[in-house]
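Chemist: The structure's right below; bear with me while I get my questions together.
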Amino acid sequence: MTTTWEISGEYAEACNCDVACQCVWMAAPDDDHCTAALAWHITDGRYGDTDLAGRRVGMLIESDEGVMFDPSTKWDVVLLVDDEATDEERAAIEAIYLGRAGGIWAPVADGHFRSTEVATAPVEFAVDGDTTTVSFGDEMSMEVVERVGFNEEAGTVSPHPLTADLTMKTGESRSATVSYDDRFQWDVGGNNAYICDFELTNA
């Protein structure tokens with residue numbers, strides 16, 4: 001029987017597309033492939049009896065050419081886990097984000113993940129007004145800011161699959177670098193970012 005889990009908190013992503021990323025509309029990304037860094041700060045959450053509040057999670061994605069969510073498009077993925085996580089917490093995070101425990105990540109992993117690696121790193125995740133700053137050791141660093149439109153309100157985009165109401169705030173990365181290994185090396189600052197308060201569950 002699959003363990004029940006639910007997590008919520010703060011989310012940010014930065015990718016190589018111009019603002020706004022067209023993967024949401026099932027169109028090919030800029031450069032015809034996606035390089036993206038995703039980050040979550042879990043402020044409240046559980047995997048069975050394991051408390052995940054306070055843990056931070058990152059994901060690096062390098063996709064094949066073509067529409068990112070096309071069934072034929074495969075991704076190479078690195079899951080970055082907060083180095084303060086216990087063995088039990090790390091196992092829970094891997095089960096959730098690598099699709100073993102149902103929820104949104106199960107079909108994503110089954111349909112797209114070609115290769116996966118897991119690494120741990122010290123993490124900083126800070127939100128200050130409209131700006132979110134994230135770092136995972138030397139592997140990932142981003143600073144993203146909301147893009148404001150009419151009425152001085154952040155623009156939104158929908159449907160985005162990684163939050164319960166399917167809505168993200170549009171943003172732009174002031175900086176967005178990744179340096180993990182030869183496959184995961186990029187600097188896409190000045191491009192698309194999405195930011196939201198997220199809620200995910202397999203219930």
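If you're wondering about the labels, chains in the structure tokens are A, B, ... by order shown, residues count from 1 in each chain, ligands from 1 in order shown.
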Quick one: DSSP strand (DSSP E) residues in range 31-196 of chain A, as a PyMOL selection string?
Modeler: chain A and resi 35-47+50-51+56-63+75-82+113-121+123-128+131-136+140-146+156-157+168-179+185-187+192-196
Chemist: Write out, as a tab-separated table (two decimals), in the first residue's frame, the residues just selected, with C-alpha atoms.
Modeler:
chain	number	residue	atom	x	y	z
A	35	THR	CA	17.15	23.30	-18.89
A	36	ALA	CA	15.41	24.02	-15.61
A	37	ALA	CA	16.14	24.30	-11.91
A	38	LEU	CA	13.24	23.80	-9.48
A	39	ALA	CA	13.23	24.39	-5.72
A	40	TRP	CA	10.79	23.75	-2.88
A	41	HIS	CA	10.82	24.89	0.74
A	42	ILE	CA	8.46	22.54	2.56
A	43	THR	CA	6.94	24.52	5.41
A	44	ASP	CA	4.39	21.86	6.34
A	45	GLY	CA	4.30	18.24	5.28
A	46	ARG	CA	4.30	14.58	6.14
A	47	TYR	CA	5.13	11.29	4.46
A	50	THR	CA	7.68	11.28	8.85
A	51	ASP	CA	7.55	15.05	9.39
A	56	ARG	CA	14.28	21.92	1.15
A	57	VAL	CA	14.33	20.07	-2.17
A	58	GLY	CA	15.76	20.92	-5.57
A	59	MET	CA	15.54	19.35	-9.01
A	60	LEU	CA	17.69	19.84	-12.11
A	61	ILE	CA	16.15	18.89	-15.45
A	62	GLU	CA	17.78	18.55	-18.87
A	63	SER	CA	15.26	17.44	-21.49
A	75	TRP	CA	14.46	13.97	-19.13
A	76	ASP	CA	17.70	13.52	-17.23
A	77	VAL	CA	17.10	14.54	-13.61
A	78	VAL	CA	19.13	15.29	-10.50
A	79	LEU	CA	17.25	15.43	-7.20
A	80	LEU	CA	18.95	17.70	-4.65
A	81	VAL	CA	18.10	17.03	-1.01
A	82	ASP	CA	18.71	19.28	1.98
A	113	PHE	CA	12.48	10.32	-16.38
A	114	ARG	CA	15.26	8.58	-18.34
A	115	SER	CA	17.98	8.90	-15.71
A	116	THR	CA	17.92	10.06	-12.10
A	117	GLU	CA	20.61	10.88	-9.58
A	118	VAL	CA	20.31	12.02	-5.99
A	119	ALA	CA	22.72	14.37	-4.23
A	120	THR	CA	22.72	16.26	-0.94
A	121	ALA	CA	23.85	19.83	-0.42
A	123	VAL	CA	20.60	24.82	1.21
A	124	GLU	CA	19.53	28.42	1.52
A	125	PHE	CA	15.95	29.35	0.56
A	126	ALA	CA	14.78	32.87	1.34
A	127	VAL	CA	11.74	34.92	0.31
A	128	ASP	CA	11.92	38.70	0.71
A	131	THR	CA	12.22	38.13	-4.52
A	132	THR	CA	13.13	34.48	-3.91
A	133	THR	CA	16.77	33.45	-3.49
A	134	VAL	CA	17.84	29.80	-3.53
A	135	SER	CA	21.16	27.97	-3.38
A	136	PHE	CA	22.03	24.29	-3.13
A	140	MET	CA	22.36	25.45	-8.07
A	141	SER	CA	21.90	29.15	-7.47
A	142	MET	CA	19.00	31.39	-8.46
A	143	GLU	CA	17.49	34.73	-7.63
A	144	VAL	CA	14.04	35.25	-9.11
A	145	VAL	CA	11.69	38.21	-8.93
A	146	GLU	CA	7.98	38.46	-9.67
A	156	THR	CA	-0.09	34.64	-13.27
A	157	VAL	CA	-0.08	31.67	-15.62
A	168	MET	CA	1.91	30.25	-10.82
A	169	LYS	CA	3.14	33.82	-10.50
A	170	THR	CA	5.21	34.89	-13.50
A	171	GLY	CA	8.74	35.99	-12.81
A	172	GLU	CA	12.18	36.60	-14.22
A	173	SER	CA	15.51	35.29	-12.99
A	174	ARG	CA	18.11	37.87	-12.07
A	175	SER	CA	20.56	34.99	-11.90
A	176	ALA	CA	20.16	31.26	-12.52
A	177	THR	CA	23.20	28.99	-12.66
A	178	VAL	CA	23.68	25.25	-12.42
A	179	SER	CA	26.97	23.36	-12.13
A	185	GLN	CA	25.98	23.16	-16.70
A	186	TRP	CA	24.11	26.35	-17.55
A	187	ASP	CA	23.61	30.04	-16.89
A	192	ASN	CA	11.68	32.81	-17.23
A	193	ALA	CA	10.86	32.08	-13.61
A	194	TYR	CA	7.74	30.85	-11.85
A	195	ILE	CA	6.96	31.35	-8.15
A	196	CYS	CA	4.10	30.13	-5.97
Chemist: Would you mind reading off the distance between CA of Ala154 in chain A and CA of Asp197 in chain A, one decimal, in Å?
Modeler: 13.5 Å
Chemist: For CA of Cys23 in chain A and CA of His160 in chain A, quote the distance in Å rounded to one decimal.
Modeler: 9.2 Å
Chemist: Using backbone DSSP assignments, extract all helix (DSSP H, G or I) residues from chain A; output them as JSON, numbers by chain.
Modeler: {"A": [22, 23, 24, 25, 30, 31, 32, 87, 88, 89, 90, 91, 92, 93, 94, 95, 96, 97, 105, 106, 107, 108, 109, 110, 111, 112, 150, 151, 152]}
Chemist: Skip Ala106 in chain A itself and residues of its chain fewer than 3 positions away, then list as a PyMOL selection string all residues within 12 Å of it, counting only C-alpha atoms.
Modeler: chain A and resi 2+94-103+109-113+201-202
Chemist: Restricted to C-alpha atoms, what would the selected residues look like written as a compact mmCIF listing (two decimals), in the first residue's frame?
Modeler:
# COMPACT_ATOMS: atom_id res chain seq x y z
CA THR A 2 1.32 3.45 -0.95
CA GLU A 94 13.10 10.46 -2.80
CA ALA A 95 9.89 8.42 -2.72
CA ILE A 96 7.79 11.53 -3.40
CA TYR A 97 9.89 13.30 -6.01
CA LEU A 98 11.05 10.23 -7.93
CA GLY A 99 7.44 9.15 -8.37
CA ARG A 100 7.45 6.02 -6.21
CA ALA A 101 4.68 7.24 -3.89
CA GLY A 102 2.00 8.42 -6.31
CA GLY A 103 0.79 11.98 -6.77
CA ALA A 109 8.55 9.95 -13.64
CA ASP A 110 6.97 7.05 -15.50
CA GLY A 111 6.54 9.05 -18.68
CA HIS A 112 9.66 11.21 -18.79
CA PHE A 113 12.48 10.32 -16.38
CA THR A 201 -0.46 15.33 -2.15
CA ASN A 202 -1.15 11.79 -3.27
Chemist: To one decimal place, how far is CA of Arg55 in chain A from CA of Cys15 in chain A in Å?
Modeler: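 Those two atoms sit 22.7 Å apart.
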